[in-house]
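**Student:** Data: target-v6.pdb, PDB, C-alpha atoms.
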ATOM      1  CA  MET A   1     -20.564  65.568   5.182
ATOM      2  CA  SER A   2     -20.503  61.760   5.323
ATOM      3  CA  GLU A   3     -23.673  59.716   4.894
ATOM      4  CA  LEU A   4     -25.230  58.395   8.102
ATOM      5  CA  ARG A   5     -25.346  54.612   7.841
ATOM      6  CA  PHE A   6     -26.334  51.625   9.970
ATOM      7  CA  ASP A   7     -24.063  48.930   8.557
ATOM      8  CA  GLY A   8     -23.834  45.910  10.845
ATOM      9  CA  GLN A   9     -26.666  47.111  13.102
ATOM     10  CA  VAL A  10     -29.969  45.344  13.726
ATOM     11  CA  ALA A  11     -33.251  47.239  13.999
ATOM     12  CA  ILE A  12     -36.791  46.289  14.936
ATOM     13  CA  VAL A  13     -39.594  48.410  13.483
ATOM     14  CA  THR A  14     -43.030  47.539  14.820
ATOM     15  CA  GLY A  15     -46.138  48.122  12.735
ATOM     16  CA  ALA A  16     -43.955  48.090   9.616
ATOM     17  CA  GLY A  17     -46.068  45.902   7.345
ATOM     18  CA  GLY A  18     -48.679  48.460   6.338
ATOM     19  CA  GLN A  19     -49.830  49.320   2.859
ATOM     20  CA  ASN A  20     -48.410  52.414   1.204
ATOM     21  CA  PRO A  21     -48.386  55.084   2.465
ATOM     22  CA  SER A  22     -47.248  53.632   5.787
ATOM     23  CA  LEU A  23     -44.925  55.193   8.342
ATOM     24  CA  GLY A  24     -43.558  51.886   9.601
ATOM     25  CA  ARG A  25     -42.884  50.673   6.075
ATOM     26  CA  CYS A  26     -40.994  53.904   5.325
ATOM     27  CA  HIS A  27     -38.955  53.662   8.539
ATOM     28  CA  ALA A  28     -37.986  50.046   7.878
ATOM     29  CA  THR A  29     -37.158  50.691   4.232
ATOM     30  CA  LEU A  30     -34.958  53.705   4.964
ATOM     31  CA  LEU A  31     -33.025  51.912   7.714
ATOM     32  CA  ALA A  32     -32.473  48.960   5.385
ATOM     33  CA  GLU A  33     -31.341  51.248   2.561
ATOM     34  CA  ARG A  34     -28.735  52.683   4.955
ATOM     35  CA  GLY A  35     -27.384  49.225   5.812
ATOM     36  CA  ALA A  36     -29.423  48.075   8.813
ATOM     37  CA  LYS A  37     -30.731  44.533   9.127
ATOM     38  CA  VAL A  38     -34.414  44.992   9.858
ATOM     39  CA  VAL A  39     -37.056  42.981  11.666
ATOM     40  CA  VAL A  40     -40.300  44.008   9.964
ATOM     41  CA  ASN A  41     -42.873  43.438  12.683
ATOM     42  CA  ASP A  42     -46.606  43.559  12.045
ATOM     43  CA  LEU A  43     -49.501  41.531  13.401
ATOM     44  CA  GLY A  44     -51.361  42.144  10.141
ATOM     45  CA  VAL A  45     -54.522  43.744  11.527
ATOM     46  CA  GLY A  46     -53.811  47.227  10.165
ATOM     47  CA  PRO A  47     -54.130  50.690  11.740
ATOM     48  CA  ASP A  48     -57.924  50.578  11.724
ATOM     49  CA  GLY A  49     -57.889  47.719  14.229
ATOM     50  CA  ARG A  50     -60.594  45.922  12.243
ATOM     51  CA  GLY A  51     -58.554  44.091   9.642
ATOM     52  CA  ILE A  52     -59.997  46.220   6.836
ATOM     53  CA  LEU A  53     -56.631  47.838   6.094
ATOM     54  CA  ARG A  54     -54.629  44.624   6.131
ATOM     55  CA  ALA A  55     -50.873  44.724   6.727
ATOM     56  CA  ASN A  56     -48.293  42.238   5.470
ATOM     57  CA  ALA A  57     -44.876  42.065   7.165
ATOM     58  CA  GLU A  58     -43.612  39.391   4.802
ATOM     59  CA  GLN A  59     -44.391  41.511   1.764
ATOM     60  CA  VAL A  60     -42.406  44.469   3.119
ATOM     61  CA  ALA A  61     -39.521  42.202   4.113
ATOM     62  CA  ASN A  62     -39.509  40.740   0.593
ATOM     63  CA  GLU A  63     -39.420  44.230  -0.921
ATOM     64  CA  ILE A  64     -36.405  45.106   1.222
ATOM     65  CA  ARG A  65     -34.612  41.910   0.239
ATOM     66  CA  ASP A  66     -35.448  42.419  -3.434
ATOM     67  CA  ALA A  67     -33.821  45.854  -3.192
ATOM     68  CA  GLY A  68     -30.631  44.283  -1.844
ATOM     69  CA  GLY A  69     -31.246  44.772   1.861
ATOM     70  CA  GLU A  70     -31.575  42.338   4.759
ATOM     71  CA  ALA A  71     -34.914  41.864   6.469
ATOM     72  CA  VAL A  72     -36.998  39.257   8.219
ATOM     73  CA  ALA A  73     -40.727  39.342   8.878
ATOM     74  CA  ASP A  74     -42.239  38.956  12.350
ATOM     75  CA  GLN A  75     -45.957  38.678  13.070
ATOM     76  CA  HIS A  76     -46.059  38.684  16.863
ATOM     77  CA  SER A  77     -48.282  41.140  18.729
ATOM     78  CA  VAL A  78     -46.617  43.900  20.728
ATOM     79  CA  ALA A  79     -49.612  44.207  23.047
ATOM     80  CA  GLU A  80     -48.662  41.290  25.316
ATOM     81  CA  GLU A  81     -45.451  40.856  27.286
ATOM     82  CA  ASP A  82     -44.561  37.333  26.159
ATOM     83  CA  SER A  83     -45.349  38.116  22.542
ATOM     84  CA  ALA A  84     -43.200  41.264  22.626
ATOM     85  CA  ARG A  85     -40.301  39.127  23.855
ATOM     86  CA  GLN A  86     -40.756  36.964  20.764
ATOM     87  CA  VAL A  87     -40.298  40.028  18.530
ATOM     88  CA  VAL A  88     -36.945  40.698  20.172
ATOM     89  CA  ALA A  89     -36.119  36.980  19.957
ATOM     90  CA  THR A  90     -36.608  37.166  16.181
ATOM     91  CA  ALA A  91     -33.820  39.739  15.969
ATOM     92  CA  LEU A  92     -31.524  37.842  18.306
ATOM     93  CA  ASN A  93     -32.131  34.447  16.717
ATOM     94  CA  THR A  94     -31.607  35.819  13.209
ATOM     95  CA  TRP A  95     -28.651  38.153  13.692
ATOM     96  CA  GLY A  96     -27.533  37.748  17.301
ATOM     97  CA  ARG A  97     -27.911  41.372  18.369
ATOM     98  CA  LEU A  98     -30.296  44.307  18.699
ATOM     99  CA  ASP A  99     -29.217  47.929  18.337
ATOM    100  CA  ILE A 100     -32.369  49.854  17.397
ATOM    101  CA  LEU A 101     -36.026  49.667  18.391
ATOM    102  CA  VAL A 102     -38.599  51.828  16.636
ATOM    103  CA  ASN A 103     -41.992  51.562  18.350
ATOM    104  CA  ASN A 104     -44.421  52.466  15.593
ATOM    105  CA  ALA A 105     -47.263  49.922  15.919
ATOM    106  CA  GLY A 106     -50.681  51.354  16.611
ATOM    107  CA  VAL A 107     -54.403  51.251  16.039
ATOM    108  CA  CYS A 108     -56.872  54.098  16.035
ATOM    109  CA  PHE A 109     -60.614  54.581  16.474
ATOM    110  CA  MET A 110     -62.120  57.994  15.809
ATOM    111  CA  ALA A 111     -64.892  58.309  18.385
ATOM    112  CA  ARG A 112     -66.133  60.603  21.104
ATOM    113  CA  PHE A 113     -65.190  59.690  24.657
ATOM    114  CA  ASP A 114     -68.737  58.712  25.599
ATOM    115  CA  GLU A 115     -69.301  56.526  22.519
ATOM    116  CA  ILE A 116     -66.070  54.557  22.085
ATOM    117  CA  SER A 117     -66.523  50.983  23.316
ATOM    118  CA  SER A 118     -64.669  49.601  26.322
ATOM    119  CA  ASP A 119     -63.018  46.991  24.084
ATOM    120  CA  ASP A 120     -61.718  49.673  21.719
ATOM    121  CA  ILE A 121     -60.393  51.721  24.647
ATOM    122  CA  ARG A 122     -58.471  48.696  25.870
ATOM    123  CA  ASN A 123     -57.214  47.957  22.358
ATOM    124  CA  VAL A 124     -55.778  51.461  21.927
ATOM    125  CA  ILE A 125     -54.075  51.402  25.329
ATOM    126  CA  ASP A 126     -52.785  47.850  24.888
ATOM    127  CA  VAL A 127     -51.239  48.431  21.469
ATOM    128  CA  HIS A 128     -49.895  51.967  21.849
ATOM    129  CA  LEU A 129     -48.927  52.377  25.498
ATOM    130  CA  MET A 130     -48.547  48.811  26.749
ATOM    131  CA  GLY A 131     -47.078  47.711  23.421
ATOM    132  CA  THR A 132     -44.369  50.354  23.746
ATOM    133  CA  ILE A 133     -43.739  49.371  27.356
ATOM    134  CA  TRP A 134     -43.500  45.649  26.583
ATOM    135  CA  MET A 135     -41.214  46.176  23.603
ATOM    136  CA  CYS A 136     -38.893  48.429  25.604
ATOM    137  CA  ARG A 137     -38.890  45.901  28.454
ATOM    138  CA  ALA A 138     -38.000  43.094  26.062
ATOM    139  CA  ALA A 139     -35.198  45.046  24.373
ATOM    140  CA  TRP A 140     -33.798  46.734  27.492
ATOM    141  CA  PRO A 141     -31.681  43.946  29.031
ATOM    142  CA  HIS A 142     -29.979  43.208  25.705
ATOM    143  CA  MET A 143     -29.169  46.861  25.085
ATOM    144  CA  ARG A 144     -28.009  47.277  28.672
ATOM    145  CA  GLU A 145     -25.676  44.298  28.373
ATOM    146  CA  ALA A 146     -24.291  45.638  25.099
ATOM    147  CA  GLY A 147     -23.808  49.099  26.589
ATOM    148  CA  TYR A 148     -25.612  50.611  23.626
ATOM    149  CA  GLY A 149     -29.109  51.102  22.260
ATOM    150  CA  ARG A 150     -31.358  53.476  20.390
ATOM    151  CA  ILE A 151     -35.102  53.531  21.079
ATOM    152  CA  VAL A 152     -37.525  55.740  19.161
ATOM    153  CA  ASN A 153     -41.124  55.910  20.392
ATOM    154  CA  THR A 154     -44.061  57.379  18.504
ATOM    155  CA  THR A 155     -46.147  60.147  20.046
ATOM    156  CA  SER A 156     -48.761  62.430  18.487
ATOM    157  CA  GLY A 157     -50.144  65.935  18.598
ATOM    158  CA  ALA A 158     -53.305  64.250  19.921
ATOM    159  CA  MET A 159     -51.667  64.209  23.359
ATOM    160  CA  PHE A 160     -52.451  67.939  23.505
ATOM    161  CA  GLY A 161     -56.130  67.420  22.709
ATOM    162  CA  ILE A 162     -57.876  66.561  19.440
ATOM    163  CA  GLU A 163     -61.576  65.890  19.034
ATOM    164  CA  ASN A 164     -62.505  62.188  18.877
ATOM    165  CA  LEU A 165     -59.025  61.089  19.949
ATOM    166  CA  SER A 166     -59.073  61.398  23.739
ATOM    167  CA  ILE A 167     -58.036  57.781  24.418
ATOM    168  CA  TYR A 168     -55.446  57.811  21.646
ATOM    169  CA  GLY A 169     -54.061  61.066  23.043
ATOM    170  CA  ALA A 170     -53.932  59.625  26.548
ATOM    171  CA  ALA A 171     -51.905  56.661  25.301
ATOM    172  CA  LYS A 172     -49.498  58.946  23.452
ATOM    173  CA  SER A 173     -49.037  61.123  26.540
ATOM    174  CA  GLY A 174     -48.148  57.992  28.479
ATOM    175  CA  ILE A 175     -45.576  57.086  25.843
ATOM    176  CA  PHE A 176     -43.905  60.469  26.223
ATOM    177  CA  GLY A 177     -43.745  60.069  30.004
ATOM    178  CA  LEU A 178     -42.205  56.630  29.487
ATOM    179  CA  THR A 179     -39.690  58.102  27.050
ATOM    180  CA  ARG A 180     -38.535  60.708  29.571
ATOM    181  CA  GLY A 181     -38.171  58.175  32.360
ATOM    182  CA  LEU A 182     -36.261  55.673  30.233
ATOM    183  CA  ALA A 183     -33.972  58.436  28.995
ATOM    184  CA  VAL A 184     -32.905  58.996  32.604
ATOM    185  CA  GLU A 185     -32.436  55.294  33.334
ATOM    186  CA  GLY A 186     -30.728  54.534  30.040
ATOM    187  CA  ALA A 187     -28.028  57.190  30.290
ATOM    188  CA  GLU A 188     -25.603  55.063  32.277
ATOM    189  CA  PHE A 189     -25.989  52.173  29.822
ATOM    190  CA  GLY A 190     -25.464  54.086  26.595
ATOM    191  CA  ILE A 191     -29.149  53.806  25.687
ATOM    192  CA  THR A 192     -30.869  56.879  24.269
ATOM    193  CA  VAL A 193     -34.655  57.022  24.223
ATOM    194  CA  ASN A 194     -36.492  59.652  22.208
ATOM    195  CA  ALA A 195     -39.975  60.250  20.849
ATOM    196  CA  LEU A 196     -41.259  61.576  17.564
ATOM    197  CA  GLY A 197     -44.716  62.877  16.726
ATOM    198  CA  PRO A 198     -45.441  62.531  12.994
ATOM    199  CA  ALA A 199     -48.010  64.271  10.819
ATOM    200  CA  ALA A 200     -48.307  62.450   7.504
ATOM    201  CA  ASN A 201     -50.720  61.248   4.855
ATOM    202  CA  THR A 202     -50.966  57.652   6.032
ATOM    203  CA  THR A 203     -53.554  55.022   5.128
ATOM    204  CA  ALA A 204     -55.171  55.701   8.514
ATOM    205  CA  ILE A 205     -55.655  59.389   7.653
ATOM    206  CA  ARG A 206     -57.346  58.376   4.428
ATOM    207  CA  HIS A 207     -59.477  55.756   6.144
ATOM    208  CA  PHE A 208     -60.805  57.885   9.001
ATOM    209  CA  ASN A 209     -61.502  61.109   7.115
ATOM    210  CA  GLU A 210     -63.937  61.999   4.379
ATOM    211  CA  THR A 211     -62.421  63.619   1.302
ATOM    212  CA  SER A 212     -62.018  67.315   2.080
ATOM    213  CA  ALA A 213     -59.593  70.222   1.911
ATOM    214  CA  PHE A 214     -57.814  68.586   4.857
ATOM    215  CA  THR A 215     -57.233  65.261   3.091
ATOM    216  CA  GLU A 216     -56.105  67.071  -0.064
ATOM    217  CA  LEU A 217     -53.623  69.116   1.976
ATOM    218  CA  MET A 218     -52.267  65.957   3.610
ATOM    219  CA  GLU A 219     -51.929  64.178   0.270
ATOM    220  CA  ASN A 220     -50.157  67.068  -1.426
ATOM    221  CA  HIS A 221     -47.784  68.213   1.304
ATOM    222  CA  PHE A 222     -47.420  65.562   4.027
ATOM    223  CA  PRO A 223     -45.830  62.424   2.549
ATOM    224  CA  THR A 224     -44.747  59.682   4.925
ATOM    225  CA  THR A 225     -41.262  59.720   3.400
ATOM    226  CA  LEU A 226     -40.608  63.095   5.077
ATOM    227  CA  ILE A 227     -41.000  61.561   8.545
ATOM    228  CA  SER A 228     -38.532  58.688   8.372
ATOM    229  CA  PRO A 229     -35.321  60.787   8.124
ATOM    230  CA  ALA A 230     -35.995  62.223  11.587
ATOM    231  CA  VAL A 231     -36.674  58.741  12.957
ATOM    232  CA  ALA A 232     -33.470  57.433  11.387
ATOM    233  CA  TYR A 233     -31.436  60.266  12.910
ATOM    234  CA  LEU A 234     -32.782  59.498  16.384
ATOM    235  CA  ALA A 235     -31.850  55.850  15.772
ATOM    236  CA  HIS A 236     -28.281  56.639  14.712
ATOM    237  CA  GLN A 237     -25.234  56.247  16.938
ATOM    238  CA  CYS A 238     -24.293  59.913  16.398
ATOM    239  CA  CYS A 239     -27.522  61.103  18.035
ATOM    240  CA  GLU A 240     -26.817  62.479  21.507
ATOM    241  CA  LEU A 241     -30.383  63.557  22.253
ATOM    242  CA  SER A 242     -32.287  61.575  24.842
ATOM    243  CA  GLY A 243     -35.719  62.283  26.276
ATOM    244  CA  ALA A 244     -36.590  64.611  23.391
ATOM    245  CA  ASN A 245     -39.924  64.779  21.591
ATOM    246  CA  LEU A 246     -39.391  65.834  17.991
ATOM    247  CA  GLU A 247     -42.285  66.727  15.719
ATOM    248  CA  ALA A 248     -41.967  66.029  11.999
ATOM    249  CA  ALA A 249     -44.340  67.124   9.239
ATOM    250  CA  ALA A 250     -44.076  68.195   5.595
ATOM    251  CA  GLY A 251     -40.298  68.401   5.734
ATOM    252  CA  ASN A 252     -40.174  70.378   8.992
ATOM    253  CA  VAL A 253     -38.556  68.939  12.114
ATOM    254  CA  GLY A 254     -38.941  70.734  15.418
ATOM    255  CA  LEU A 255     -38.561  70.095  19.133
ATOM    256  CA  ARG A 256     -41.726  70.009  21.219
ATOM    257  CA  VAL A 257     -40.882  71.784  24.480
ATOM    258  CA  PHE A 258     -42.621  71.857  27.845
ATOM    259  CA  GLY A 259     -42.527  74.556  30.465
ATOM    260  CA  GLN A 260     -43.865  75.852  33.744
ATOM    261  CA  THR A 261     -44.881  79.366  34.701
ATOM    262  CA  ALA A 262     -43.370  81.119  37.688
ATOM    263  CA  GLY A 263     -46.789  80.932  39.292
ATOM    264  CA  TYR A 264     -47.943  82.343  42.613
ATOM    265  CA  THR A 265     -46.517  81.406  46.017
ATOM    266  CA  ASP A 266     -48.146  81.698  49.435
ATOM    267  CA  THR A 267     -47.138  79.451  52.333
ATOM    268  CA  ASP A 268     -50.647  79.969  53.733
ATOM    269  CA  LEU A 269     -52.312  79.061  50.418
ATOM    270  CA  THR A 270     -56.089  78.989  50.343
ATOM    271  CA  VAL A 271     -58.663  78.205  47.693
ATOM    272  CA  GLU A 272     -59.371  81.913  47.455
ATOM    273  CA  ASN A 273     -55.667  82.685  46.881
ATOM    274  CA  VAL A 274     -55.705  80.409  43.855
ATOM    275  CA  ARG A 275     -58.854  82.099  42.557
ATOM    276  CA  ASP A 276     -57.596  85.616  43.093
ATOM    277  CA  ASN A 277     -54.165  85.001  41.566
ATOM    278  CA  LEU A 278     -55.131  82.811  38.640
ATOM    279  CA  ALA A 279     -53.926  85.371  36.103
ATOM    280  CA  VAL A 280     -50.442  85.217  37.628
ATOM    281  CA  ILE A 281     -50.517  81.427  37.827
ATOM    282  CA  VAL A 282     -51.330  80.995  34.131
ATOM    283  CA  ASP A 283     -49.153  83.837  32.814
ATOM    284  CA  LYS A 284     -47.198  82.088  30.068
ATOM    285  CA  SER A 285     -44.778  84.995  29.738
ATOM    286  CA  THR A 286     -43.112  83.800  32.952
ATOM    287  CA  ALA A 287     -42.708  80.206  31.769
ATOM    288  CA  THR A 288     -39.381  78.406  32.000
ATOM    289  CA  MET A 289     -38.758  75.402  29.765
ATOM    290  CA  PHE A 290     -38.395  72.067  31.476
ATOM    291  CA  PRO A 291     -34.788  70.821  31.370
ATOM    292  CA  ASP A 292     -33.506  67.647  29.785
ATOM    293  CA  PRO A 293     -34.032  64.362  31.657
ATOM    294  CA  GLY A 294     -31.758  64.023  34.650
ATOM    295  CA  GLU A 295     -31.585  67.764  35.259
ATOM    296  CA  VAL A 296     -33.494  69.473  38.046
ATOM    297  CA  PRO A 297     -36.846  70.944  36.938
ATOM    298  CA  PRO A 298     -37.777  74.509  37.917
ATOM    299  CA  GLY A 299     -39.847  75.453  40.932
ATOM    300  CA  PRO A 300     -40.739  73.573  44.114
ATOM    301  CA  THR A 301     -40.847  70.191  42.317
ATOM    302  CA  GLY A 302     -37.144  70.410  41.547
ATOM    303  CA  ALA A 303     -36.309  71.459  45.084
ATOM    304  CA  VAL A 304     -38.159  68.443  46.449
ATOM    305  CA  GLN A 305     -36.398  66.067  44.043
ATOM    306  CA  LEU A 306     -32.959  67.273  45.146
ATOM    307  CA  GLY A 307     -33.456  65.679  48.555
ATOM    308  CA  ALA A 308     -35.182  62.492  47.461
ATOM    309  CA  VAL A 309     -33.717  59.161  48.617
ATOM    310  CA  PHE A 310     -35.652  56.173  47.318
ATOM    311  CA  LYS A 311     -36.300  53.034  49.320
ATOM    312  CA  PRO A 312     -35.503  49.664  47.697
ATOM    313  CA  TYR A 313     -38.247  48.346  45.426
ATOM    314  CA  GLN A 314     -40.409  45.527  46.734
ATOM    315  CA  PRO A 315     -42.652  43.752  44.189
ATOM    316  CA  SER A 316     -46.327  43.672  45.109
ATOM    317  CA  GLU A 317     -47.972  40.445  46.156
ATOM    318  CA  PRO A 318     -50.426  38.954  43.641
ATOM    319  CA  LEU A 319     -53.920  40.392  43.888
ATOM    320  CA  PRO A 320     -56.651  38.140  45.283
ATOM    321  CA  ALA A 321     -59.167  36.658  42.856
ATOM    322  CA  SER A 322     -61.507  39.607  43.383
ATOM    323  CA  GLY A 323     -58.819  41.966  42.094
ATOM    324  CA  ILE A 324     -59.101  44.090  45.249
ATOM    325  CA  ARG A 325     -56.613  44.242  48.088
ATOM    326  CA  TYR A 326     -58.033  45.509  51.356
ATOM    327  CA  SER A 327     -55.394  47.159  53.534
ATOM    328  CA  GLN A 328     -57.499  49.338  55.818
ATOM    329  CA  GLU A 329     -57.414  48.478  59.496
ATOM    330  CA  ARG A 330     -60.878  47.812  60.797
ATOM    331  CA  SER A 331     -61.732  48.701  64.357
TER     332      SER A 331
END
Take the structure in this file and express it as structure tokens.
**Tutor:**
Amino acid sequence: MSELRFDGQVAIVTGAGGQNPSLGRCHATLLAERGAKVVVNDLGVGPDGRGILRANAEQVANEIRDAGGEAVADQHSVAEEDSARQVVATALNTWGRLDILVNNAGVCFMARFDEISSDDIRNVIDVHLMGTIWMCRAAWPHMREAGYGRIVNTTSGAMFGIENLSIYGAAKSGIFGLTRGLAVEGAEFGITVNALGPAANTTAIRHFNETSAFTELMENHFPTTLISPAVAYLAHQCCELSGANLEAAAGNVGLRVFGQTAGYTDTDLTVENVRDNLAVIVDKSTATMFPDPGEVPPGPTGAVQLGAVFKPYQPSEPLPASGIRYSQERS
């Protein structure tokens, strides 16, 4: 079989300036090794969000160039709309095109829901969820005009519930929902949008965990280099998947699937009906996997969607200074 290459293509990898072992660094390096011209984006704060684990986009870009590849460093934040546009502008101003966007940038704070600070909550949401949104928004019109694009977003097993990562998990769940929606909208423009949840021995894993059997397992069997091949495949022109959520860890790549049980139906549904038929409602043996984006989902939700006709979008008016819009009629 022929080698999958990216000659002539331009890729942006956010959060790619981290110290080894770093997922973004591995993604950027592999794409460059396969011929892509890479924008190595990193604000420099590091995955801890405190600046303790400093990142250096220029250093990674230099390493790629020293190895014979093409790369340019970019230090704009992804967490703000205008700044995200500047990341895309770096690619366009340097090479005149953009083919691939890998949204990898992120910060993490290990804390219980009732102890994490409001500022840290906002930071996680702004970098992970809003950063992915702003980067996709900035790249979208250029990919749409070109009739081609590959977007790879980063999710996490934390979206299914992990202690001390409730906010992080919420952001990752939002990213998956965004991925599914963009997969639908991108189909007519030749843009595929997929997600990948990695499990790897990154600097963040080392920073947030005390040395234990867990950290030893991660170090011995979960190298970051075993994640990037799956990312690179999703970024390649031969990839026909869109809206998928792959999981990659220790050399294994799988598809995370979602489903819905057959449930219980009663057109005169009451609270008591739900209580009395809960075993039927949650019976996983009756579950049907959700289809690919653009296909009709199972059950009543799909039936409703078949008849949906959307009204034209009207942008909202700016909120008043108080941030509250009162629309209730007062008698």
**Student:** Set the distance at 12 Å and use only C-alpha atoms: which residues neighbour range 31-36 of chain A once local chain neighbours fewer than 6 positions away are removed? I'd like the list as a PDB file with C-alpha atoms, in the frame of the given file.
**Tutor:**
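Output file part-v8.pdb follows:
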ATOM      1  CA  GLU A   3     -23.673  59.716   4.894  1.00  0.00           C
ATOM      2  CA  LEU A   4     -25.230  58.395   8.102  1.00  0.00           C
ATOM      3  CA  ARG A   5     -25.346  54.612   7.841  1.00  0.00           C
ATOM      4  CA  PHE A   6     -26.334  51.625   9.970  1.00  0.00           C
ATOM      5  CA  ASP A   7     -24.063  48.930   8.557  1.00  0.00           C
ATOM      6  CA  GLY A   8     -23.834  45.910  10.845  1.00  0.00           C
ATOM      7  CA  GLN A   9     -26.666  47.111  13.102  1.00  0.00           C
ATOM      8  CA  VAL A  10     -29.969  45.344  13.726  1.00  0.00           C
ATOM      9  CA  ALA A  11     -33.251  47.239  13.999  1.00  0.00           C
ATOM     10  CA  ILE A  12     -36.791  46.289  14.936  1.00  0.00           C
ATOM     11  CA  VAL A  13     -39.594  48.410  13.483  1.00  0.00           C
ATOM     12  CA  ALA A  16     -43.955  48.090   9.616  1.00  0.00           C
ATOM     13  CA  GLY A  24     -43.558  51.886   9.601  1.00  0.00           C
ATOM     14  CA  ARG A  25     -42.884  50.673   6.075  1.00  0.00           C
ATOM     15  CA  VAL A  60     -42.406  44.469   3.119  1.00  0.00           C
ATOM     16  CA  ALA A  61     -39.521  42.202   4.113  1.00  0.00           C
ATOM     17  CA  ASN A  62     -39.509  40.740   0.593  1.00  0.00           C
ATOM     18  CA  GLU A  63     -39.420  44.230  -0.921  1.00  0.00           C
ATOM     19  CA  ILE A  64     -36.405  45.106   1.222  1.00  0.00           C
ATOM     20  CA  ARG A  65     -34.612  41.910   0.239  1.00  0.00           C
ATOM     21  CA  ASP A  66     -35.448  42.419  -3.434  1.00  0.00           C
ATOM     22  CA  ALA A  67     -33.821  45.854  -3.192  1.00  0.00           C
ATOM     23  CA  GLY A  68     -30.631  44.283  -1.844  1.00  0.00           C
ATOM     24  CA  GLY A  69     -31.246  44.772   1.861  1.00  0.00           C
ATOM     25  CA  GLU A  70     -31.575  42.338   4.759  1.00  0.00           C
ATOM     26  CA  ALA A  71     -34.914  41.864   6.469  1.00  0.00           C
ATOM     27  CA  VAL A  72     -36.998  39.257   8.219  1.00  0.00           C
ATOM     28  CA  ALA A  91     -33.820  39.739  15.969  1.00  0.00           C
ATOM     29  CA  TRP A  95     -28.651  38.153  13.692  1.00  0.00           C
ATOM     30  CA  ARG A  97     -27.911  41.372  18.369  1.00  0.00           C
ATOM     31  CA  LEU A  98     -30.296  44.307  18.699  1.00  0.00           C
ATOM     32  CA  ASP A  99     -29.217  47.929  18.337  1.00  0.00           C
ATOM     33  CA  ILE A 100     -32.369  49.854  17.397  1.00  0.00           C
ATOM     34  CA  LEU A 101     -36.026  49.667  18.391  1.00  0.00           C
ATOM     35  CA  VAL A 102     -38.599  51.828  16.636  1.00  0.00           C
ATOM     36  CA  SER A 228     -38.532  58.688   8.372  1.00  0.00           C
ATOM     37  CA  PRO A 229     -35.321  60.787   8.124  1.00  0.00           C
ATOM     38  CA  ALA A 230     -35.995  62.223  11.587  1.00  0.00           C
ATOM     39  CA  VAL A 231     -36.674  58.741  12.957  1.00  0.00           C
ATOM     40  CA  ALA A 232     -33.470  57.433  11.387  1.00  0.00           C
ATOM     41  CA  TYR A 233     -31.436  60.266  12.910  1.00  0.00           C
ATOM     42  CA  LEU A 234     -32.782  59.498  16.384  1.00  0.00           C
ATOM     43  CA  ALA A 235     -31.850  55.850  15.772  1.00  0.00           C
ATOM     44  CA  HIS A 236     -28.281  56.639  14.712  1.00  0.00           C
TER      45      HIS A 236
END
**Student:** Please determine, counting all atoms listed in the file, which residue among A:Asp114, A:Gly131, A:Thr154, A:Arg144 has the shortest atom-to-atom distance to Ser166 in chain A.
**Tutor:**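 Between A:Asp114, A:Gly131, A:Thr154, A:Arg144, the residue approaching Ser166 in chain A most closely is A:Asp114.
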**Student:** Which is closer to Met130 in chain A than all the others in A:Val40, A:Ala171, A:Ala248, A:Ala111, using only C-alpha atoms?
**Tutor:**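 Nearest candidate to Met130 in chain A out of A:Val40, A:Ala171, A:Ala248, A:Ala111: A:Ala171.
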**Student:** If I take CA of Thr14 in chain A and CA of Asp74 in chain A, how far is one from the other in Å, to one decimal?
**Tutor:**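 It comes out at 9.0 Å.
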**Student:** Can you work out which one of A:Met110, A:Val45, A:Ala200, A:Val193 has the shortest atom-to-atom distance to Thr224 in chain A, counting all atoms listed in the file?
**Tutor:**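 Ranked by minimum distance to Thr224 in chain A, first place goes to A:Ala200.
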**Student:** Of the residues A:Asp276, A:Leu246, A:Glu115, A:Gln260, which is the one nearest to Pro291 in chain A, using all atoms listed in the file?
**Tutor:**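 When distances to Pro291 in chain A are compared using all atoms listed in the file, the smallest one comes from A:Gln260.
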**Student:** What does the distance between CA of Ser242 in chain A and CA of Asn194 in chain A come to in Å, to one decimal place?
**Tutor:**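 If I compute the distance from CA of Ser242 in chain A to CA of Asn194 in chain A, I get 5.3 Å.
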**Student:** Just the number, please: distance in Å from CA of Gly44 in chain A to CA of Gly157 in chain A, one decimal.
**Tutor:**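 CA of Gly44 in chain A sits 25.3 Å away from CA of Gly157 in chain A.
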**Student:** Measuring between only C-alpha atoms, which one of A:Asp120, A:Asp292, A:Tyr264, A:Leu92 shows the shortest distance to Ala187 in chain A?
**Tutor:**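 Smallest distance to Ala187 in chain A is found for A:Asp292.
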**Student:** Kindly indicate which residue among A:Gly149, A:Gly169, A:Pro223, A:Gly15 lies nearest to Ile191 in chain A, using all atoms listed in the file for the distances.
**Tutor:**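 Checking each candidate against Ile191 in chain A, we get A:Gly149 as the closest.
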